[in-house]
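J.: One file: coords-v6.txt (compact mmCIF, C-alpha atoms).
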```txt
# COMPACT_ATOMS: atom_id res chain seq x y z
CA MET A 98 19.56 11.52 31.56
CA THR A 99 20.98 8.46 29.83
CA LEU A 100 23.98 8.41 27.51
CA ALA A 101 21.60 7.84 24.57
CA LYS A 102 19.84 11.12 25.38
CA TYR A 103 23.13 13.06 25.33
CA ILE A 104 24.02 11.54 21.95
CA SER A 105 20.56 12.34 20.61
CA ASP A 106 20.86 15.99 21.69
CA LEU A 107 24.19 16.36 19.89
CA LEU A 108 22.91 14.78 16.65
CA TYR A 109 20.57 17.77 16.20
CA ARG A 110 23.62 20.09 16.04
CA TYR A 111 26.49 17.98 14.69
CA GLU A 112 27.06 15.60 11.80
CA CYS A 113 29.05 13.07 13.82
CA VAL A 114 29.00 12.03 17.50
CA ILE A 115 31.78 9.65 18.61
CA VAL A 116 31.30 7.39 21.60
CA PRO A 117 34.83 6.63 22.85
CA ASN A 118 35.88 2.96 22.53
CA PHE A 119 32.55 2.11 20.92
CA GLY A 120 31.92 3.85 17.58
CA GLY A 121 30.60 6.95 15.87
CA PHE A 122 27.05 7.87 14.85
CA VAL A 123 27.13 9.81 11.57
CA ALA A 124 24.18 11.93 10.34
CA ASN A 125 24.03 12.55 6.57
CA LYS A 126 21.50 14.98 5.12
CA VAL A 127 18.95 13.41 2.74
CA SER A 128 16.79 15.55 0.45
CA ALA A 129 13.00 15.30 0.26
CA LYS A 130 11.70 12.50 -1.94
CA ILE A 131 8.49 10.93 -3.21
CA ASN A 132 7.66 7.23 -3.51
CA HIS A 133 5.57 7.01 -6.67
CA TYR A 134 4.31 3.51 -5.85
CA THR A 135 2.82 4.38 -2.46
CA HIS A 136 2.23 8.12 -3.22
CA THR A 137 4.18 9.01 -0.08
CA PHE A 138 6.10 12.27 0.48
CA TYR A 139 9.16 12.17 2.74
CA ALA A 140 10.51 15.40 4.22
CA PRO A 141 14.25 16.23 4.21
CA THR A 142 15.99 14.44 7.05
CA LYS A 143 19.29 13.23 8.48
CA GLN A 144 20.02 9.59 7.76
CA LEU A 145 21.90 7.91 10.61
CA THR A 146 24.73 5.43 10.08
CA PHE A 147 27.17 3.78 12.48
CA ASN A 148 30.95 3.54 12.01
CA ALA A 149 32.61 1.09 14.39
CA HIS A 150 36.07 2.40 13.47
CA LEU A 151 35.47 5.87 14.95
CA LYS A 152 36.51 5.14 18.54
CA ASN A 153 38.98 7.91 19.44
CA ASN A 154 37.69 10.43 21.95
CA ASP A 155 37.29 13.82 20.24
CA GLY A 156 35.98 15.45 23.43
CA LEU A 157 32.58 16.45 22.02
CA LEU A 158 30.45 13.96 23.93
CA ALA A 159 32.53 14.11 27.12
CA ASN A 160 32.40 17.92 27.28
CA TYR A 161 28.64 17.93 26.74
CA VAL A 162 28.07 15.30 29.45
CA ALA A 163 30.30 17.24 31.86
CA SER A 164 28.35 20.45 31.20
CA ALA A 165 24.91 18.81 31.40
CA LYS A 166 25.65 16.83 34.59
CA ASN A 167 27.77 19.63 36.10
CA ILE A 168 30.71 17.31 36.70
CA SER A 169 34.38 17.34 35.75
CA TYR A 170 35.64 16.23 32.36
CA VAL A 171 37.40 13.22 33.90
CA ASN A 172 34.21 12.08 35.64
CA ALA A 173 32.32 12.51 32.37
CA VAL A 174 34.83 10.26 30.58
CA ASN A 175 34.47 7.63 33.32
CA TYR A 176 30.67 7.85 33.10
CA ILE A 177 30.80 7.24 29.32
CA ALA A 178 33.20 4.31 29.80
CA ASP A 179 30.83 2.65 32.30
CA GLU A 180 27.88 3.03 29.93
CA VAL A 181 29.90 1.66 27.00
CA ALA A 182 30.87 -1.38 29.07
CA LYS A 183 27.17 -2.09 29.69
CA TRP A 184 26.42 -1.66 25.97
CA GLN A 185 29.20 -4.07 25.00
CA ASN A 186 27.95 -6.66 27.49
CA THR A 187 24.41 -6.43 26.11
CA LEU A 188 25.58 -6.48 22.49
CA ASN A 189 27.54 -9.69 23.05
CA LYS A 190 24.36 -11.43 24.23
CA GLU A 191 21.48 -9.86 22.33
CA GLU A 192 20.28 -6.86 20.37
CA LEU A 193 21.15 -3.44 21.80
CA ASP A 194 18.39 -0.83 21.56
CA ILE A 195 19.56 2.79 21.85
CA GLU A 196 16.62 5.11 22.46
CA ASN A 197 15.71 7.44 19.55
CA ILE A 198 18.83 6.35 17.64
CA GLY A 199 18.46 2.73 16.55
CA THR A 200 19.34 -0.89 17.29
CA LEU A 201 22.63 -2.73 16.96
CA HIS A 202 23.36 -6.45 16.75
CA ARG A 203 26.21 -8.71 15.70
CA ASN A 204 26.02 -10.89 12.59
CA GLU A 205 27.51 -14.36 12.20
CA GLU A 206 30.96 -12.88 11.50
CA GLY A 207 30.81 -10.72 14.65
CA ALA A 208 30.45 -7.42 12.80
CA ILE A 209 28.04 -4.82 14.22
CA ILE A 210 24.89 -4.17 12.16
CA PHE A 211 23.02 -0.90 12.76
CA ASP A 212 19.32 -0.29 12.05
CA PRO A 213 18.45 3.41 12.55
CA VAL A 214 15.09 4.71 13.74
CA TYR A 215 12.92 6.54 11.18
CA ASN A 216 10.45 8.28 13.47
CA VAL A 217 12.96 10.93 14.62
CA ASN A 218 14.13 13.66 12.25
CA TYR A 219 17.42 15.24 13.40
CA LEU A 220 17.34 17.88 10.66
CA THR A 221 16.23 21.04 12.47
CA SER A 222 15.28 22.83 9.22
CA SER A 223 12.57 20.17 8.71
CA PHE A 224 10.93 20.80 12.07
CA GLY A 225 7.17 20.36 11.78
CA LEU A 226 7.34 18.42 8.51
CA ASP A 227 6.21 14.81 8.51
CA THR A 228 5.65 11.94 6.10
CA TYR A 229 2.51 12.53 4.03
CA VAL A 230 0.49 10.12 1.89
CA SER A 231 -1.48 11.65 -0.98
CA PRO A 232 -4.01 9.41 -2.80
CA ALA A 233 -3.52 9.12 -6.54
CA ILE A 234 -5.69 11.46 -8.63
CA LYS A 235 -7.91 9.65 -11.10
CA ARG A 236 -8.72 11.82 -14.07
CA ILE A 237 -11.97 11.23 -15.99
CA SER A 238 -11.98 11.63 -19.77
CA GLU A 239 -14.58 13.70 -21.60
CA ASN A 240 -16.30 10.55 -22.88
CA GLU A 241 -16.59 9.17 -19.34
CA LYS A 242 -18.00 12.50 -18.12
CA GLU A 243 -20.69 12.41 -20.81
CA ALA A 244 -21.51 8.80 -19.98
CA ILE A 245 -21.92 9.70 -16.29
CA SER A 246 -23.96 12.89 -16.85
CA THR A 247 -26.24 11.49 -19.58
CA PRO A 248 -29.05 9.36 -18.11
CA VAL A 249 -29.89 6.11 -19.86
CA ILE A 250 -33.61 5.74 -20.52
CA PRO A 251 -34.64 2.09 -20.91
CA ILE A 252 -37.03 1.24 -23.72
CA HIS A 253 -39.52 -1.49 -22.87
CA ARG A 254 -41.08 -3.34 -25.79
CA ALA A 255 -44.35 -5.20 -25.63
CA GLU A 256 -44.11 -8.99 -25.45
CA ASN A 257 -44.56 -10.67 -28.82
CA HIS A 258 -46.89 -13.38 -27.56
CA LYS A 259 -49.61 -10.95 -26.41
CA GLU A 260 -52.59 -10.58 -28.68
CA LYS A 261 -52.98 -7.15 -30.24
CA THR A 262 -56.30 -5.33 -30.02
CA PRO A 263 -57.86 -4.83 -33.50
CA VAL A 264 -57.28 -1.31 -34.78
CA PHE A 265 -60.90 -0.61 -35.72
CA ILE A 266 -62.07 -1.40 -32.17
CA LYS A 267 -59.60 1.14 -30.73
CA TYR A 268 -60.83 3.84 -33.12
CA ALA A 269 -64.49 3.05 -32.43
CA ALA A 270 -64.02 3.17 -28.66
CA ALA A 271 -62.11 6.44 -28.88
CA ALA A 272 -64.78 8.03 -31.10
CA VAL A 273 -67.62 7.07 -28.72
CA ILE A 274 -65.75 8.44 -25.70
CA VAL A 275 -64.94 11.72 -27.48
CA PHE A 276 -68.53 12.15 -28.65
CA ALA A 277 -70.00 11.43 -25.20
CA LEU A 278 -67.65 13.35 -22.95
CA GLY A 279 -66.78 16.39 -25.08
CA THR A 280 -63.76 18.55 -24.52
CA VAL A 281 -63.60 18.20 -20.71
CA GLY A 282 -64.23 14.50 -20.86
CA TRP A 283 -61.54 14.16 -23.52
CA LYS A 284 -58.92 15.76 -21.21
CA GLN A 285 -59.96 13.49 -18.37
CA TYR A 286 -59.70 10.55 -20.73
CA GLN A 287 -56.23 11.62 -21.75
CA ASN A 288 -55.16 11.84 -18.10
CA PHE A 289 -56.67 8.46 -17.40
CA THR A 290 -54.97 6.92 -20.45
CA TYR A 291 -51.62 8.43 -19.52
CA ASN A 292 -51.86 7.17 -15.92
CA ASN A 293 -52.91 3.75 -17.18
CA LEU A 294 -49.90 3.59 -19.52
CA VAL A 295 -47.59 4.60 -16.70
CA ALA A 296 -49.04 1.90 -14.47
CA GLN A 297 -48.68 -0.68 -17.24
CA SER A 298 -45.10 0.43 -17.88
CA GLU A 299 -44.21 0.06 -14.19
CA LEU A 300 -45.88 -3.36 -14.06
CA GLN A 301 -43.99 -4.41 -17.21
CA GLN A 302 -40.70 -3.20 -15.64
CA GLN A 303 -41.39 -5.24 -12.51
CA LYS A 304 -42.02 -8.34 -14.65
CA VAL A 305 -38.77 -7.80 -16.56
CA ASP A 306 -36.78 -7.26 -13.33
CA LYS A 307 -38.28 -10.38 -11.81
CA THR A 308 -37.46 -12.41 -14.90
CA ILE A 309 -33.86 -11.19 -14.87
CA GLN A 310 -33.48 -11.93 -11.17
CA GLU A 311 -34.96 -15.43 -11.47
CA ALA A 312 -33.02 -16.12 -14.72
CA THR A 313 -35.17 -19.17 -15.48
CA PHE A 314 -34.85 -20.66 -18.97
CA VAL A 315 -36.51 -23.70 -20.51
CA ILE A 316 -34.04 -26.05 -22.24
CA ASP A 317 -35.12 -29.18 -24.10
CA ASN A 318 -32.10 -31.18 -22.94
CA PRO A 319 -30.97 -29.70 -19.63
CA LEU A 320 -27.34 -30.26 -18.68
CA PRO A 321 -26.43 -31.78 -15.31
CA ALA A 322 -25.52 -29.32 -12.54
CA ILE A 323 -21.83 -28.75 -11.94
CA THR A 324 -20.43 -27.65 -8.57
CA LEU A 325 -17.10 -25.83 -8.68
CA ASN A 326 -15.03 -25.43 -5.54
CA VAL A 327 -12.59 -22.59 -6.16
CA ALA A 328 -10.03 -21.97 -3.46
CA LYS A 329 -8.52 -18.53 -3.24
CA LYS A 330 -4.74 -18.68 -3.46
CA THR A 331 -2.73 -16.33 -1.33
CA GLN A 332 0.90 -15.93 -2.26
CA ASN A 333 2.67 -15.53 1.07
CA TYR A 334 6.14 -16.65 -0.01
CA HIS A 335 8.32 -14.18 -1.89
CA ILE A 336 11.87 -14.63 -3.22
CA ILE A 337 13.56 -11.27 -2.62
CA ALA A 338 15.93 -9.93 -5.27
CA GLY A 339 16.81 -6.75 -3.40
CA ALA A 340 15.62 -3.78 -1.31
CA PHE A 341 16.26 -0.23 -2.49
CA ARG A 342 16.27 3.19 -0.85
CA GLU A 343 15.33 4.93 -4.12
CA PRO A 344 12.07 3.82 -5.85
CA ALA A 345 13.64 4.46 -9.26
CA ASN A 346 16.29 1.80 -8.58
CA ALA A 347 13.59 -0.64 -7.47
CA ASN A 348 11.68 -0.08 -10.71
CA LYS A 349 14.90 -0.55 -12.73
CA LYS A 350 15.52 -3.88 -11.03
CA LEU A 351 11.90 -4.90 -11.69
CA GLN A 352 12.26 -4.24 -15.43
CA GLN A 353 15.48 -6.27 -15.54
CA LEU A 354 13.82 -9.28 -13.91
CA LEU A 355 10.77 -9.07 -16.19
CA LYS A 356 13.03 -9.11 -19.25
CA LYS A 357 14.66 -12.28 -17.93
CA GLY A 358 11.26 -13.98 -17.76
CA PHE A 359 10.58 -13.80 -14.01
CA ASN A 360 7.11 -13.00 -12.66
CA ALA A 361 8.68 -10.18 -10.70
CA LYS A 362 6.79 -7.64 -8.62
CA ILE A 363 7.31 -4.78 -6.17
CA LEU A 364 6.15 -5.76 -2.67
CA GLY A 365 6.11 -2.26 -1.21
CA ILE A 366 8.15 -0.64 1.55
CA ASN A 367 9.46 -2.50 4.61
CA LYS A 368 9.92 -1.11 8.11
CA TRP A 369 13.36 0.26 7.16
CA ASN A 370 11.80 2.40 4.41
CA LEU A 371 13.27 0.23 1.63
CA THR A 372 11.32 -0.80 -1.47
CA GLN A 373 11.46 -4.61 -1.87
CA VAL A 374 11.54 -6.34 -5.26
CA ALA A 375 10.71 -10.07 -5.60
CA TYR A 376 11.79 -12.50 -8.32
CA GLU A 377 8.53 -14.44 -7.95
CA SER A 378 5.84 -15.20 -5.35
CA PHE A 379 4.34 -18.56 -4.42
CA ASP A 380 1.39 -19.91 -2.47
CA THR A 381 3.31 -22.88 -1.00
CA LYS A 382 6.58 -22.91 0.89
CA ARG A 383 7.86 -26.01 -0.96
CA ASN A 384 7.56 -24.39 -4.40
CA ALA A 385 9.16 -21.19 -3.10
CA ILE A 386 12.17 -23.03 -1.61
CA ASN A 387 12.67 -25.09 -4.80
CA LYS A 388 12.69 -21.92 -6.91
CA LEU A 389 14.94 -20.13 -4.40
CA ASN A 390 17.57 -22.89 -4.70
CA VAL A 391 17.54 -22.53 -8.49
CA ILE A 392 17.90 -18.73 -8.31
CA LYS A 393 20.76 -18.99 -5.81
CA LYS A 394 22.65 -21.27 -8.20
CA THR A 395 21.93 -19.43 -11.44
CA GLU A 396 21.14 -15.79 -10.61
CA ASN A 397 21.91 -14.45 -7.16
CA LYS A 398 23.44 -16.32 -4.22
CA ASP A 399 22.19 -13.55 -1.86
CA ALA A 400 18.50 -14.07 -2.74
CA TRP A 401 16.37 -14.95 0.28
CA LEU A 402 12.81 -16.01 1.14
CA LEU A 403 10.31 -13.57 2.69
CA ILE A 404 7.18 -14.97 4.34
CA LYS A 405 4.30 -12.51 4.75
CA GLU A 406 0.99 -13.35 6.41
CA TYR A 407 -1.97 -11.51 4.87
```
Re-express the file's structure as structure tokens.
T.:
Amino acid sequence: MTLAKYISDLLYRYECVIVPNFGGFVANKVSAKINHYTHTFYAPTKQLTFNAHLKNNDGLLANYVASAKNISYVNAVNYIADEVAKWQNTLNKEELDIENIGTLHRNEEGAIIFDPVYNVNYLTSSFGLDTYVSPAIKRISENEKEAISTPVIPIHRAENHKEKTPVFIKYAAAAVIVFALGTVGWKQYQNFTYNNLVAQSELQQQKVDKTIQEATFVIDNPLPAITLNVAKKTQNYHIIAGAFREPANANKKLQQLLKKGFNAKILGINKWNLTQVAYESFDTKRNAINKLNVIKKTENKDAWLLIKEY
């Protein structure tokens, strides 16, 4: 087992695990929460932080290593010291990745920055619970329900330019047919007439559909054709105002920026589970950098540019 595995085992049972001459990993309990923007439920968990000032050996880690490896306490302390020396050597050159705990790196001032993992939940009471995304429920009003359930029956009117059959001819033809065929013939005639009307109605519908699809109109003075080339703009450059653990704080920041006249927006959650809020977004890097320089001088010197490829 590695030293990271021993630390990980202890974090399930204790709130703080100190690595002598290196620092302490602190686990703070965080209640369950819901992100209303992404409709995501997060189970209760332990949030890991790193304190570089906790370096004194409290015996917890050394005793556990001695028991797990079946070695003496002194040998366990020496084993931890050797591992810490390797960690320090790696940290001075590049990012240090500690399995199931997080990554550490040094900033420009030499301070250690810790990014915890979020796929491991050290809170034993939350065993079996996981992050869950529930789609938003769209409720339909009574008017919309009636509109959906009530079929719309199209009414087709005869074309105005067709010549109408004289009324007296229709009556004369109907009288002759009734007289000749009698009651049985009259029923057959009714069936024939009904089928004929249905066929005419379907033919008329096909003509109307074809006319709509072709959309051909006769204009006395036709206008010249115009070709429009519309390019879809994708805003990949975002000026970040802040990233927030609580969605309510992100929404509060959004409202503040909107009141100041910015085209602010919420970009969603990053890989550290923080909700990002942007002052504005741009489709070109030049415009984004120009606006960023203005914001740094007038609003927030810590604002920075995020580039996202969609």
J.: Kindly give the distance, in Å, that separates atom CA of A:Asn204 and atom CA of A:Ala338, rounded to a single decimal.
T.: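 Distance between the two atoms: 20.5 Å.
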J.: Would you mind listing what lies within 9 Å of stretch 363-365 of chain A as a ChimeraX atom specification, with only C-alpha atoms counted and same-chain residues fewer than 4 positions away left out?
T.: /A:134-135,335,347-348,351,371-375
J.: How many Å separate atom CA of A:Val162 from atom CA of A:Tyr103?
T.: 6.8 Å
J.: Around the point (3.0, -16.5, -6.8) (coordinates from the file), which residues reach within 8 Å if we count only C-alpha atoms? Answer as a CSV table (one decimal) with C-alpha atoms, keeping the file's coordinate frame.
T.:
```csv
chain,number,residue,atom,x,y,z
A,331,THR,CA,-2.7,-16.3,-1.3
A,332,GLN,CA,0.9,-15.9,-2.3
A,333,ASN,CA,2.7,-15.5,1.1
A,334,TYR,CA,6.1,-16.6,0.0
A,335,HIS,CA,8.3,-14.2,-1.9
A,360,ASN,CA,7.1,-13.0,-12.7
A,377,GLU,CA,8.5,-14.4,-8.0
A,378,SER,CA,5.8,-15.2,-5.4
A,379,PHE,CA,4.3,-18.6,-4.4
A,380,ASP,CA,1.4,-19.9,-2.5
```
J.: Record the distance separating atom CA of A:Trp401 and atom CA of A:Gly339, expressed in Å with one decimal.
T.: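 Distance reported for this atom pair: 9.0 Å.
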J.: So which residues touch A:Lys126 within 7 Å, counting only C-alpha atoms, skipping near sequence neighbours fewer than 4 positions away, as a CSV table (one decimal) with C-alpha atoms, keeping the file's coordinate frame?
T.:
```
chain,number,residue,atom,x,y,z
A,142,THR,CA,16.0,14.4,7.0
A,143,LYS,CA,19.3,13.2,8.5
A,144,GLN,CA,20.0,9.6,7.8
```
